[in-house]
$ cat protein-v3.txt   # compact mmCIF, C-alpha atoms
# COMPACT_ATOMS: atom_id res chain seq x y z
CA MET G 1 -35.90 -1.18 -11.66
CA LYS G 2 -32.67 0.10 -13.20
CA VAL G 3 -29.38 1.36 -11.78
CA SER G 4 -26.35 2.83 -13.50
CA VAL G 5 -22.91 1.23 -13.29
CA GLY G 6 -19.80 2.78 -11.75
CA ILE G 7 -16.62 0.76 -12.20
CA SER G 8 -13.99 0.81 -9.46
CA ASN G 9 -10.44 0.27 -10.64
CA ARG G 10 -7.90 -0.79 -8.01
CA HIS G 11 -7.46 2.01 -5.45
CA VAL G 12 -6.28 2.90 -1.98
CA HIS G 13 -7.89 4.66 0.99
CA LEU G 14 -5.49 6.12 3.58
CA THR G 15 -5.61 7.35 7.16
CA LYS G 16 -4.18 10.81 7.77
CA LYS G 17 -1.23 9.21 9.55
CA HIS G 18 -0.46 6.85 6.67
CA LEU G 19 -0.88 9.65 4.11
CA GLU G 20 1.83 11.59 5.95
CA ILE G 21 4.17 8.59 6.11
CA LEU G 22 3.79 8.04 2.36
CA PHE G 23 3.81 11.67 1.19
CA GLY G 24 5.36 13.71 4.01
CA ASN G 25 4.34 15.55 7.19
CA GLY G 26 1.28 17.75 6.86
CA TYR G 27 0.59 16.48 3.34
CA GLU G 28 -2.97 16.84 2.05
CA LEU G 29 -4.55 15.02 -0.90
CA GLU G 30 -5.13 17.12 -4.01
CA GLU G 31 -8.48 16.60 -5.68
CA LEU G 32 -8.19 15.45 -9.30
CA LYS G 33 -11.87 14.70 -9.91
CA SER G 34 -14.94 14.45 -7.71
CA LEU G 35 -16.63 11.05 -7.59
CA LYS G 36 -20.40 10.60 -7.72
CA GLN G 37 -20.60 9.65 -4.04
CA PRO G 38 -20.91 13.04 -2.27
CA GLY G 39 -17.61 14.28 -0.79
CA GLN G 40 -15.51 11.49 -2.32
CA PHE G 41 -12.81 12.25 -4.86
CA ALA G 42 -10.00 10.76 -6.92
CA SER G 43 -6.77 12.46 -5.86
CA ASN G 44 -3.71 13.30 -7.91
CA GLU G 45 -1.68 10.99 -5.67
CA LYS G 46 -0.62 7.52 -6.73
CA VAL G 47 1.22 4.77 -4.86
CA THR G 48 2.80 1.40 -5.55
CA ILE G 49 1.29 -1.68 -3.92
CA GLU G 50 3.70 -4.54 -3.37
CA THR G 51 3.79 -8.14 -2.17
CA PRO G 52 6.67 -10.61 -1.98
CA LYS G 53 5.59 -11.89 -5.42
CA SER G 54 4.96 -8.74 -7.43
CA LYS G 55 3.91 -5.11 -7.46
CA ILE G 56 1.49 -2.77 -9.20
CA GLU G 57 2.49 0.84 -9.76
CA GLY G 58 0.30 3.89 -10.26
CA VAL G 59 -2.52 2.92 -7.91
CA ARG G 60 -4.82 5.90 -7.32
CA VAL G 61 -5.45 7.21 -3.80
CA LEU G 62 -9.09 8.19 -3.17
CA GLY G 63 -9.98 10.99 -0.77
CA PRO G 64 -10.78 12.21 1.73
CA VAL G 65 -8.65 10.40 4.31
CA ARG G 66 -10.51 7.70 6.27
CA PRO G 67 -10.33 6.14 9.75
CA TYR G 68 -8.70 3.08 8.15
CA THR G 69 -6.21 2.31 5.38
CA GLN G 70 -7.53 -0.10 2.75
CA VAL G 71 -6.38 -1.41 -0.61
CA GLU G 72 -9.09 -2.58 -3.02
CA VAL G 73 -8.01 -4.79 -5.92
CA SER G 74 -9.61 -7.14 -8.44
CA LYS G 75 -9.07 -10.90 -8.38
CA THR G 76 -6.99 -10.41 -11.55
CA ASP G 77 -4.72 -8.04 -9.60
CA ALA G 78 -4.66 -10.42 -6.63
CA ILE G 79 -3.45 -13.31 -8.81
CA LYS G 80 -0.65 -11.11 -10.17
CA LEU G 81 0.25 -10.11 -6.60
CA GLY G 82 0.08 -13.70 -5.32
CA ILE G 83 -2.44 -12.96 -2.56
CA GLU G 84 -5.96 -14.19 -1.80
CA PRO G 85 -7.90 -11.23 -0.43
CA PRO G 86 -11.38 -11.94 0.94
CA VAL G 87 -14.54 -10.30 -0.46
CA ARG G 88 -15.35 -7.58 2.05
CA ASP G 89 -17.26 -4.38 2.75
CA SER G 90 -15.15 -1.27 3.18
CA GLY G 91 -13.53 -1.12 6.61
CA LYS G 92 -14.07 -4.82 7.45
CA LEU G 93 -10.39 -5.64 7.33
CA GLU G 94 -9.89 -8.33 9.98
CA GLY G 95 -8.08 -11.25 8.36
CA SER G 96 -7.72 -9.46 5.02
CA SER G 97 -4.50 -9.75 3.02
CA PRO G 98 -1.14 -8.23 3.97
CA ILE G 99 0.24 -5.67 1.53
CA THR G 100 2.89 -2.97 1.36
CA ILE G 101 2.07 0.54 0.15
CA ILE G 102 4.95 2.64 -1.18
CA GLY G 103 4.83 6.42 -1.64
CA PRO G 104 7.44 9.02 -2.54
CA ASN G 105 8.25 9.70 1.12
CA GLY G 106 8.03 6.27 2.73
CA LYS G 107 6.22 2.96 2.93
CA ILE G 108 3.69 1.15 5.09
CA GLU G 109 3.71 -2.59 5.62
CA LEU G 110 0.15 -3.61 6.41
CA GLU G 111 -0.46 -6.97 8.10
CA GLU G 112 -4.00 -6.76 6.82
CA GLY G 113 -5.80 -4.26 4.58
CA CYS G 114 -6.19 -5.66 1.07
CA ILE G 115 -9.66 -6.79 -0.04
CA LEU G 116 -11.84 -7.56 -3.02
CA ALA G 117 -14.77 -5.15 -2.64
CA THR G 118 -18.26 -6.55 -2.15
CA ARG G 119 -20.57 -5.83 -5.08
CA HIS G 120 -22.77 -2.99 -3.81
CA ILE G 121 -25.33 -0.31 -4.61
CA HIS G 122 -25.20 3.11 -2.94
CA ILE G 123 -28.71 4.17 -1.95
CA THR G 124 -30.41 6.61 0.47
CA PRO G 125 -32.90 5.35 3.09
CA LYS G 126 -35.60 7.32 1.23
CA GLU G 127 -34.82 5.68 -2.13
CA LYS G 128 -34.72 2.27 -0.45
CA GLU G 129 -38.25 2.82 0.83
CA GLU G 130 -39.56 4.36 -2.41
CA PHE G 131 -38.21 1.44 -4.45
CA GLY G 132 -39.97 -1.08 -2.16
CA LEU G 133 -36.66 -2.38 -0.80
CA SER G 134 -37.30 -1.61 2.89
CA ASP G 135 -36.76 -5.19 4.01
CA VAL G 136 -34.04 -6.01 1.48
CA SER G 137 -30.32 -6.05 2.28
CA LYS G 138 -29.06 -7.48 -1.01
CA VAL G 139 -30.25 -7.87 -4.58
CA CYS G 140 -29.10 -9.39 -7.87
CA ILE G 141 -28.20 -7.57 -11.07
CA LYS G 142 -29.27 -8.68 -14.54
CA VAL G 143 -27.00 -7.76 -17.44
CA ASN G 144 -28.06 -8.15 -21.07
CA GLY G 145 -25.82 -8.74 -24.05
CA GLU G 146 -23.51 -11.33 -25.56
CA LYS G 147 -21.68 -11.80 -22.24
CA GLY G 148 -24.69 -11.11 -20.07
CA GLY G 149 -25.97 -12.92 -17.01
CA ILE G 150 -26.70 -12.30 -13.36
CA LEU G 151 -24.53 -11.08 -10.51
CA ASP G 152 -25.57 -12.37 -7.08
CA ASN G 153 -24.93 -10.85 -3.67
CA VAL G 154 -25.10 -7.16 -4.51
CA TYR G 155 -25.46 -5.41 -1.16
CA LEU G 156 -27.43 -2.22 -0.54
CA LYS G 157 -25.13 0.30 1.12
CA VAL G 158 -27.48 2.76 2.76
CA ALA G 159 -26.43 6.31 3.65
CA ASP G 160 -28.23 9.67 3.74
CA GLU G 161 -25.62 11.17 1.46
CA SER G 162 -25.59 8.75 -1.46
CA TYR G 163 -25.68 8.84 -5.24
CA PHE G 164 -27.75 5.89 -6.47
CA GLU G 165 -25.22 3.75 -8.30
CA LEU G 166 -23.99 0.14 -8.64
CA HIS G 167 -20.28 -0.29 -7.86
CA LEU G 168 -18.49 -3.20 -9.53
CA ASP G 169 -14.81 -4.00 -9.78
CA THR G 170 -13.04 -4.28 -13.13
CA ASP G 171 -13.35 -8.09 -13.24
CA ASP G 172 -17.12 -7.97 -12.94
CA ALA G 173 -17.34 -5.07 -15.40
CA ASN G 174 -15.05 -6.69 -17.96
CA ALA G 175 -16.60 -10.16 -17.68
CA PHE G 176 -20.01 -8.66 -18.49
CA LEU G 177 -18.67 -6.07 -20.98
CA LEU G 178 -20.03 -3.22 -18.87
CA LYS G 179 -18.92 0.41 -19.15
CA ASN G 180 -19.38 3.29 -16.75
CA ASN G 181 -22.95 4.65 -16.78
CA ASP G 182 -24.43 1.55 -18.44
CA GLU G 183 -27.89 0.82 -17.07
CA VAL G 184 -28.61 -2.62 -15.62
CA GLU G 185 -31.63 -4.21 -13.98
CA ILE G 186 -32.12 -4.89 -10.27
CA LEU G 187 -33.73 -8.24 -9.39
CA VAL G 188 -35.17 -8.81 -5.94
CA GLY G 189 -35.89 -12.06 -4.12
CA GLU G 190 -34.48 -14.60 -1.72
CA ASN G 191 -32.73 -16.29 -4.61
CA CYS G 192 -33.01 -13.71 -7.39
CA GLU G 193 -32.46 -15.99 -10.33
CA GLN G 194 -35.05 -18.64 -9.53
CA MET H 1 -26.09 -31.25 -14.45
CA LYS H 2 -22.50 -30.28 -13.64
CA VAL H 3 -19.47 -29.42 -15.73
CA SER H 4 -15.89 -28.66 -14.71
CA VAL H 5 -14.21 -25.36 -15.47
CA GLY H 6 -11.16 -24.83 -17.67
CA ILE H 7 -9.80 -21.29 -17.69
CA SER H 8 -8.24 -19.93 -20.88
CA ASN H 9 -5.58 -17.31 -20.36
CA ARG H 10 -4.73 -15.11 -23.36
CA HIS H 11 -3.21 -17.24 -26.13
CA VAL H 12 -2.43 -17.48 -29.82
CA HIS H 13 -3.17 -20.05 -32.54
CA LEU H 14 -0.94 -19.95 -35.63
CA THR H 15 -0.99 -21.22 -39.18
CA LYS H 16 2.09 -23.16 -40.26
CA LYS H 17 3.10 -20.25 -42.46
CA HIS H 18 2.82 -17.70 -39.64
CA LEU H 19 4.66 -20.03 -37.24
CA GLU H 20 7.58 -20.10 -39.67
CA ILE H 21 7.58 -16.30 -40.08
CA LEU H 22 7.65 -15.85 -36.30
CA PHE H 23 10.08 -18.67 -35.40
CA GLY H 24 11.97 -19.57 -38.58
CA ASN H 25 11.67 -21.86 -41.61
CA GLY H 26 10.66 -25.41 -40.84
CA TYR H 27 10.02 -24.60 -37.19
CA GLU H 28 7.72 -26.92 -35.27
CA LEU H 29 5.95 -26.21 -31.97
CA GLU H 30 7.36 -28.03 -28.95
CA GLU H 31 4.75 -29.50 -26.64
CA LEU H 32 4.98 -28.18 -23.07
CA LYS H 33 1.79 -29.74 -21.74
CA SER H 34 -1.18 -31.50 -23.29
CA LEU H 35 -4.55 -29.82 -22.86
CA LYS H 36 -7.73 -31.69 -22.00
CA GLN H 37 -9.17 -31.31 -25.51
CA PRO H 38 -7.70 -34.30 -27.40
CA GLY H 39 -4.67 -33.42 -29.52
CA GLN H 40 -4.43 -29.83 -28.28
CA PHE H 41 -1.37 -28.67 -26.34
CA ALA H 42 0.32 -25.67 -24.75
CA SER H 43 3.64 -25.17 -26.52
CA ASN H 44 6.91 -23.88 -25.15
CA GLU H 45 6.69 -20.98 -27.58
CA LYS H 46 5.65 -17.49 -26.53
CA VAL H 47 5.08 -14.33 -28.54
CA THR H 48 4.43 -10.64 -27.95
CA ILE H 49 1.10 -9.17 -29.06
CA GLU H 50 1.18 -5.49 -29.89
CA THR H 51 -1.14 -2.63 -30.84
CA PRO H 52 -0.40 1.06 -31.42
CA LYS H 53 -1.35 1.65 -27.75
CA SER H 54 0.42 -1.11 -25.86
CA LYS H 55 1.78 -4.63 -25.88
CA ILE H 56 1.62 -7.86 -23.87
CA GLU H 57 4.67 -10.10 -23.73
CA GLY H 58 4.88 -13.82 -23.02
CA VAL H 59 1.65 -14.87 -24.72
CA ARG H 60 1.52 -18.66 -25.06
CA VAL H 61 1.15 -20.32 -28.47
CA LEU H 62 -1.22 -23.31 -28.45
CA GLY H 63 -0.72 -26.22 -30.79
CA PRO H 64 -1.06 -27.85 -33.18
CA VAL H 65 -0.99 -25.30 -36.00
CA ARG H 66 -4.42 -24.36 -37.39
CA PRO H 67 -5.88 -23.24 -40.72
CA TYR H 68 -6.14 -19.70 -39.29
CA THR H 69 -4.12 -17.44 -37.00
CA GLN H 70 -6.08 -16.12 -34.04
CA VAL H 71 -5.33 -14.17 -30.86
CA GLU H 72 -7.69 -14.70 -27.90
CA VAL H 73 -7.61 -12.11 -25.13
CA SER H 74 -9.79 -11.04 -22.21
CA LYS H 75 -11.61 -7.70 -22.14
CA THR H 76 -9.10 -6.65 -19.45
CA ASP H 77 -6.29 -7.32 -21.94
CA ALA H 78 -8.23 -5.56 -24.71
CA ILE H 79 -8.58 -2.40 -22.62
CA LYS H 80 -4.83 -2.39 -21.96
CA LEU H 81 -4.22 -2.89 -25.70
CA GLY H 82 -6.75 -0.20 -26.67
CA ILE H 83 -8.78 -2.47 -28.96
CA GLU H 84 -12.41 -3.63 -28.96
CA PRO H 85 -12.41 -7.25 -30.12
CA PRO H 86 -15.81 -8.85 -30.75
CA VAL H 87 -17.02 -11.94 -28.88
CA ARG H 88 -16.51 -14.78 -31.37
CA ASP H 89 -16.24 -18.51 -31.89
CA SER H 90 -12.80 -19.77 -32.92
CA GLY H 91 -12.10 -19.14 -36.59
CA LYS H 92 -14.89 -16.55 -37.07
CA LEU H 93 -12.49 -13.69 -37.62
CA GLU H 94 -14.21 -11.41 -40.13
CA GLY H 95 -14.23 -7.90 -38.71
CA SER H 96 -12.26 -8.91 -35.61
CA SER H 97 -9.54 -6.62 -34.23
CA PRO H 98 -6.21 -5.90 -35.89
CA ILE H 99 -3.13 -6.95 -33.94
CA THR H 100 0.58 -7.53 -34.45
CA ILE H 101 2.27 -10.75 -33.34
CA ILE H 102 6.02 -10.63 -32.71
CA GLY H 103 8.28 -13.69 -32.47
CA PRO H 104 12.05 -14.14 -32.25
CA ASN H 105 12.38 -14.44 -36.05
CA GLY H 106 9.83 -11.94 -37.36
CA LYS H 107 6.43 -10.37 -37.00
CA ILE H 108 2.96 -10.59 -38.52
CA GLU H 109 0.64 -7.61 -38.81
CA LEU H 110 -2.90 -8.97 -38.84
CA GLU H 111 -5.69 -6.75 -40.17
CA GLU H 112 -8.08 -8.96 -38.24
CA GLY H 113 -7.58 -11.89 -35.88
CA CYS H 114 -8.04 -10.78 -32.27
CA ILE H 115 -11.21 -11.87 -30.46
CA LEU H 116 -12.81 -12.38 -27.07
CA ALA H 117 -13.71 -16.07 -27.05
CA THR H 118 -17.35 -17.07 -26.77
CA ARG H 119 -18.17 -18.84 -23.50
CA HIS H 120 -18.43 -22.49 -24.52
CA ILE H 121 -18.67 -26.12 -23.43
CA HIS H 122 -16.84 -28.87 -25.30
CA ILE H 123 -19.12 -31.89 -25.68
CA THR H 124 -19.46 -34.99 -27.87
CA PRO H 125 -22.65 -35.65 -29.89
CA LYS H 126 -23.21 -38.72 -27.69
CA GLU H 127 -22.95 -36.72 -24.43
CA LYS H 128 -25.22 -34.05 -25.88
CA GLU H 129 -27.90 -36.66 -26.48
CA GLU H 130 -27.37 -38.47 -23.17
CA PHE H 131 -27.68 -35.21 -21.25
CA GLY H 132 -30.98 -34.39 -22.99
CA LEU H 133 -29.44 -31.47 -24.86
CA SER H 134 -30.16 -32.68 -28.41
CA ASP H 135 -32.12 -29.57 -29.37
CA VAL H 136 -30.02 -27.14 -27.37
CA SER H 137 -27.29 -24.94 -28.86
CA LYS H 138 -26.54 -22.84 -25.79
CA VAL H 139 -27.02 -23.01 -22.03
CA CYS H 140 -26.41 -20.90 -18.94
CA ILE H 141 -24.02 -21.61 -16.09
CA LYS H 142 -24.85 -21.14 -12.41
CA VAL H 143 -21.98 -20.34 -10.06
CA ASN H 144 -22.35 -20.42 -6.28
CA GLY H 145 -20.40 -18.44 -3.73
CA GLU H 146 -19.84 -14.89 -2.53
CA LYS H 147 -19.34 -13.63 -6.09
CA GLY H 148 -21.69 -16.12 -7.70
CA GLY H 149 -24.35 -15.64 -10.33
CA ILE H 150 -25.24 -16.80 -13.81
CA LEU H 151 -23.36 -16.66 -17.10
CA ASP H 152 -25.59 -16.46 -20.18
CA ASN H 153 -24.84 -17.52 -23.75
CA VAL H 154 -22.61 -20.51 -23.12
CA TYR H 155 -22.48 -22.34 -26.46
CA LEU H 156 -22.22 -26.10 -26.89
CA LYS H 157 -19.24 -26.86 -29.10
CA VAL H 158 -19.91 -30.33 -30.44
CA ALA H 159 -17.14 -32.59 -31.72
CA ASP H 160 -16.55 -36.34 -31.69
CA GLU H 161 -13.19 -35.86 -30.05
CA SER H 162 -14.05 -33.73 -27.03
CA TYR H 163 -13.37 -33.62 -23.33
CA PHE H 164 -16.50 -32.41 -21.54
CA GLU H 165 -15.45 -29.06 -20.09
CA LEU H 166 -16.60 -25.42 -19.77
CA HIS H 167 -14.11 -22.92 -21.19
CA LEU H 168 -14.13 -19.42 -19.71
CA ASP H 169 -11.70 -16.55 -20.12
CA THR H 170 -9.84 -15.06 -17.15
CA ASP H 171 -12.33 -12.20 -16.75
CA ASP H 172 -15.27 -14.56 -16.32
CA ALA H 173 -13.24 -16.85 -14.06
CA ASN H 174 -11.93 -14.02 -11.87
CA ALA H 175 -15.26 -12.18 -11.65
CA PHE H 176 -16.87 -15.38 -10.31
CA LEU H 177 -13.80 -16.48 -8.28
CA LEU H 178 -13.55 -19.72 -10.28
CA LYS H 179 -10.48 -21.94 -10.44
CA ASN H 180 -9.57 -24.68 -12.90
CA ASN H 181 -11.54 -27.90 -12.27
CA ASP H 182 -14.23 -26.18 -10.17
CA GLU H 183 -17.62 -27.75 -10.81
CA VAL H 184 -20.51 -25.53 -11.87
CA GLU H 185 -24.13 -26.17 -12.79
CA ILE H 186 -25.63 -26.15 -16.29
CA LEU H 187 -29.06 -24.47 -16.64
CA VAL H 188 -31.16 -25.09 -19.71
CA GLY H 189 -34.00 -23.03 -21.14
CA GLU H 190 -34.87 -20.27 -23.59
CA ASN H 191 -33.97 -17.71 -20.98
CA CYS H 192 -32.16 -19.77 -18.38
CA GLU H 193 -32.54 -17.47 -15.44
CA GLN H 194 -36.28 -16.92 -15.61
$ encode --input "protein-v3.txt" --output "structure tokens"
Amino acid sequence: MKVSVGISNRHVHLTKKHLEILFGNGYELEELKSLKQPGQFASNEKVTIETPKSKIEGVRVLGPVRPYTQVEVSKTDAIKLGIEPPVRDSGKLEGSSPITIIGPNGKIELEEGCILATRHIHITPKEKEEFGLSDVSKVCIKVNGEKGGILDNVYLKVADESYFELHLDTDDANAFLLKNNDEVEILVGENCEQ
Amino acid sequence: MKVSVGISNRHVHLTKKHLEILFGNGYELEELKSLKQPGQFASNEKVTIETPKSKIEGVRVLGPVRPYTQVEVSKTDAIKLGIEPPVRDSGKLEGSSPITIIGPNGKIELEEGCILATRHIHITPKEKEEFGLSDVSKVCIKVNGEKGGILDNVYLKVADESYFELHLDTDDANAFLLKNNDEVEILVGENCEQ
């Protein structure tokens, strides 16, 4: 069973309220490019993310606005920023890392909101059943090549409106020399590699 | 079977001739800190590595001088620099990426010399035999944890003067959330994960 790879660079999701603080009252995100997940898009807007130790400029805002504000970085970014974000699903922000987001119109100081994203596969309930994964909540991924191997703990993120795709952060992608749209193998089992 | 992790950040090895071009005639590297591999050290000296697309400043020179000049980067660095270095053992530089090294006294334009380092374990011939690895040239590494998994193609680098240690680049370390001195498991077999 194969799945194609989509690589997530560092990015930010914003609430409508936070979007307006950063970019101005009544501001709306402009769509730069639609993403493969239905309705999701990369916007033209960029922000700076900052910690007491360092900052990273030019971080893309993804749209549409969400019920929560969240900053997703790689471990490489986190080391530069001097923070230790937990590995989390989107929206599970309790106890995640503090971070400041700076836009052209203002800034937000979040007490929590920065995470490393869980490795995950977007999948519809129908595909999950068709692929024989009804009782499976997570899988492993096998990557071939000179820097190949296996990634554990890849969670199935089930939604009716989904494009079947594996989402990895830039550390995972770069460690395994993966590019967008590469095809990799799904392994299933309690402990996939044994 | 366990081995401890040593993480290699981007770094440069220099010939005596190139050291003198970059830092001045008769220059010798100053030892900042000894490394675990006997005789090897991090020097006080730093250089800039540059490509037509970008540059990275503050890249550490490791000592002592070598018979070849070599720049080791991560894939994350390579993407920033706009180059596609091959995965190589130290000193195997034929067809590797061009790069410019800039020091306080001069610069060197290498037609080849930049690589991604092969995942490897330093080991003595005696340890190799004691661990039952006499006929083995490469192994896999199993990492536990939330972003765990398996790294394939980890080569045994055999030398009489060795400190038993797994060397990974920052992409591998950060993808698997590994820190220096973490202990990981060695798996042996034709195709370790099956």
$ interface_residues --input "protein-v3.txt" --of "chain H" --to "chain G" --cutoff "6 Å" --atoms "only C-alpha atoms" --output "PyMOL selection string"
chain H and resi 75+148-152+171-172+174-175+193
$ closest_residue --input "protein-v3.txt" --among "G:Pro64, G:Glu31, G:Val3, G:Lys92" --to "Leu166 of chain G" --atoms "only C-alpha atoms"
G:Val3
$ closest_residue --input "protein-v3.txt" --among "G:Pro38, G:Ile101, G:Phe164, G:Thr124" --to "Asn181 of chain G" --atoms "all atoms listed in the file"
G:Phe164
$ axis_aligned_box --input "protein-v3.txt" --around "segment 175-178 of chain G" --padding-each-side "5 Å" --output "lines of an AutoDock Vina configuration file"
center_x = -18.3
center_y = -6.7
center_z = -19.3
size_x = 13.4
size_y = 16.9
size_z = 13.3
$ closest_residue --input "protein-v3.txt" --among "G:Tyr68, G:Gly132, G:His167, G:Ser96" --to "Asn9 of chain G" --atoms "only C-alpha atoms"
G:His167
$ residues_around --input "protein-v3.txt" --residues "Gly95 of chain H" --least-positions-apart "4" --cutoff "12 Å" --atoms "all atoms listed in the file" --output "PyMOL selection string"
chain H and resi 84-88+91+110-115
$ write_last_selection --input "protein-v3.txt" --atoms "C-alpha atoms" --output "PDB file, in the coordinates of the input"
ATOM      1  CA  GLU H  84     -12.410  -3.630 -28.960  1.00  0.00           C
ATOM      2  CA  PRO H  85     -12.410  -7.250 -30.120  1.00  0.00           C
ATOM      3  CA  PRO H  86     -15.810  -8.850 -30.750  1.00  0.00           C
ATOM      4  CA  VAL H  87     -17.020 -11.940 -28.880  1.00  0.00           C
ATOM      5  CA  ARG H  88     -16.510 -14.780 -31.370  1.00  0.00           C
ATOM      6  CA  GLY H  91     -12.100 -19.140 -36.590  1.00  0.00           C
ATOM      7  CA  LEU H 110      -2.900  -8.970 -38.840  1.00  0.00           C
ATOM      8  CA  GLU H 111      -5.690  -6.750 -40.170  1.00  0.00           C
ATOM      9  CA  GLU H 112      -8.080  -8.960 -38.240  1.00  0.00           C
ATOM     10  CA  GLY H 113      -7.580 -11.890 -35.880  1.00  0.00           C
ATOM     11  CA  CYS H 114      -8.040 -10.780 -32.270  1.00  0.00           C
ATOM     12  CA  ILE H 115     -11.210 -11.870 -30.460  1.00  0.00           C
TER      13      ILE H 115
END
$ residues_near_point --input "protein-v3.txt" --point "(-2.9, -13.2, -31.4)" --cutoff "6 Å" --atoms "all atoms listed in the file" --output "number ranges by chain"
H: 12, 70-71, 114
$ closest_residue --input "protein-v3.txt" --among "G:Ile56, G:Ile21, G:Lys46, G:Tyr155" --to "Ser90 of chain G" --atoms "only C-alpha atoms"
G:Tyr155
$ closest_residue --input "protein-v3.txt" --among "G:Ile49, G:Val59, G:Val184, G:Leu156" --to "Ser4 of chain G" --atoms "all atoms listed in the file"
G:Val184
$ residues_around --input "protein-v3.txt" --residues "Glu109 of chain H" --least-positions-apart "4" --cutoff "9 Å" --atoms "only C-alpha atoms" --output "PyMOL selection string"
chain H and resi 98-102
$ atom_distance --input "protein-v3.txt" --atom1 "atom CA of Gly24 of chain G" --atom2 "atom CA of Lys107 of chain G"
10.8 Å
$ atom_distance --input "protein-v3.txt" --atom1 "atom CA of Lys157 of chain G" --atom2 "atom CA of Glu30 of chain G"
26.6 Å
$ residues_around --input "protein-v3.txt" --residues "Lys17 of chain H" --least-positions-apart "3" --cutoff "12 Å" --atoms "only C-alpha atoms" --output "list in words"
His13, Leu14, Glu20, Ile21, Leu22, Phe23, Gly24, Asn25, Gly26, Tyr27, Glu28, Val65, Arg66, Pro67, Tyr68, Thr69, Gly106, Lys107 and Ile108 of chain H
$ residues_around --input "protein-v3.txt" --residues "segment 128-130 of chain G" --least-positions-apart "6" --cutoff "12 Å" --atoms "only C-alpha atoms" --output "compact mmCIF listing (two decimals) with C-alpha atoms, in the frame of the given file"
# COMPACT_ATOMS: atom_id res chain seq x y z
CA MET G 1 -35.90 -1.18 -11.66
CA ILE G 121 -25.33 -0.31 -4.61
CA HIS G 122 -25.20 3.11 -2.94
CA VAL G 136 -34.04 -6.01 1.48
CA SER G 137 -30.32 -6.05 2.28
CA LYS G 138 -29.06 -7.48 -1.01
CA VAL G 139 -30.25 -7.87 -4.58
CA LEU G 156 -27.43 -2.22 -0.54
CA LYS G 157 -25.13 0.30 1.12
CA VAL G 158 -27.48 2.76 2.76
CA ALA G 159 -26.43 6.31 3.65
CA ASP G 160 -28.23 9.67 3.74
CA SER G 162 -25.59 8.75 -1.46
CA PHE G 164 -27.75 5.89 -6.47
$ atom_distance --input "protein-v3.txt" --atom1 "atom CA of Glu127 of chain G" --atom2 "atom CA of His11 of chain G"
27.8 Å
$ build_atoms --input "protein-v3.txt" --residues "segment 63-75 of chain G" --atoms "N, CA and C atoms" --output "short mmCIF file (atom, residue, chain, number, x, y, z; two decimals), in the frame of the given file"
data_model
loop_
_atom_site.label_atom_id
_atom_site.label_comp_id
_atom_site.auth_asym_id
_atom_site.auth_seq_id
_atom_site.Cartn_x
_atom_site.Cartn_y
_atom_site.Cartn_z
N GLY G 63 -9.84 10.13 -1.94
CA GLY G 63 -9.98 10.99 -0.77
C GLY G 63 -11.44 11.15 -0.42
N PRO G 64 -11.74 11.72 0.74
CA PRO G 64 -10.78 12.21 1.73
C PRO G 64 -10.16 11.07 2.54
N VAL G 65 -9.24 11.42 3.45
CA VAL G 65 -8.65 10.40 4.31
C VAL G 65 -9.76 9.73 5.13
N ARG G 66 -9.51 8.50 5.55
CA ARG G 66 -10.51 7.70 6.27
C ARG G 66 -9.97 7.24 7.62
N PRO G 67 -10.82 6.66 8.45
CA PRO G 67 -10.33 6.14 9.75
C PRO G 67 -9.52 4.85 9.58
N TYR G 68 -9.46 4.31 8.38
CA TYR G 68 -8.70 3.08 8.15
C TYR G 68 -8.00 3.15 6.80
N THR G 69 -6.91 2.40 6.66
CA THR G 69 -6.21 2.31 5.38
C THR G 69 -6.61 0.99 4.71
N GLN G 70 -6.97 1.07 3.45
CA GLN G 70 -7.53 -0.10 2.75
C GLN G 70 -7.11 -0.09 1.29
N VAL G 71 -6.73 -1.25 0.80
CA VAL G 71 -6.38 -1.41 -0.61
C VAL G 71 -7.43 -2.30 -1.26
N GLU G 72 -8.08 -1.80 -2.32
CA GLU G 72 -9.09 -2.58 -3.02
C GLU G 72 -8.56 -2.97 -4.40
N VAL G 73 -8.52 -4.28 -4.64
CA VAL G 73 -8.01 -4.79 -5.92
C VAL G 73 -9.04 -5.73 -6.54
N SER G 74 -8.81 -6.10 -7.80
CA SER G 74 -9.61 -7.14 -8.44
C SER G 74 -8.94 -8.49 -8.20
N LYS G 75 -9.68 -9.56 -8.48
CA LYS G 75 -9.07 -10.90 -8.38
C LYS G 75 -7.92 -11.03 -9.38
#
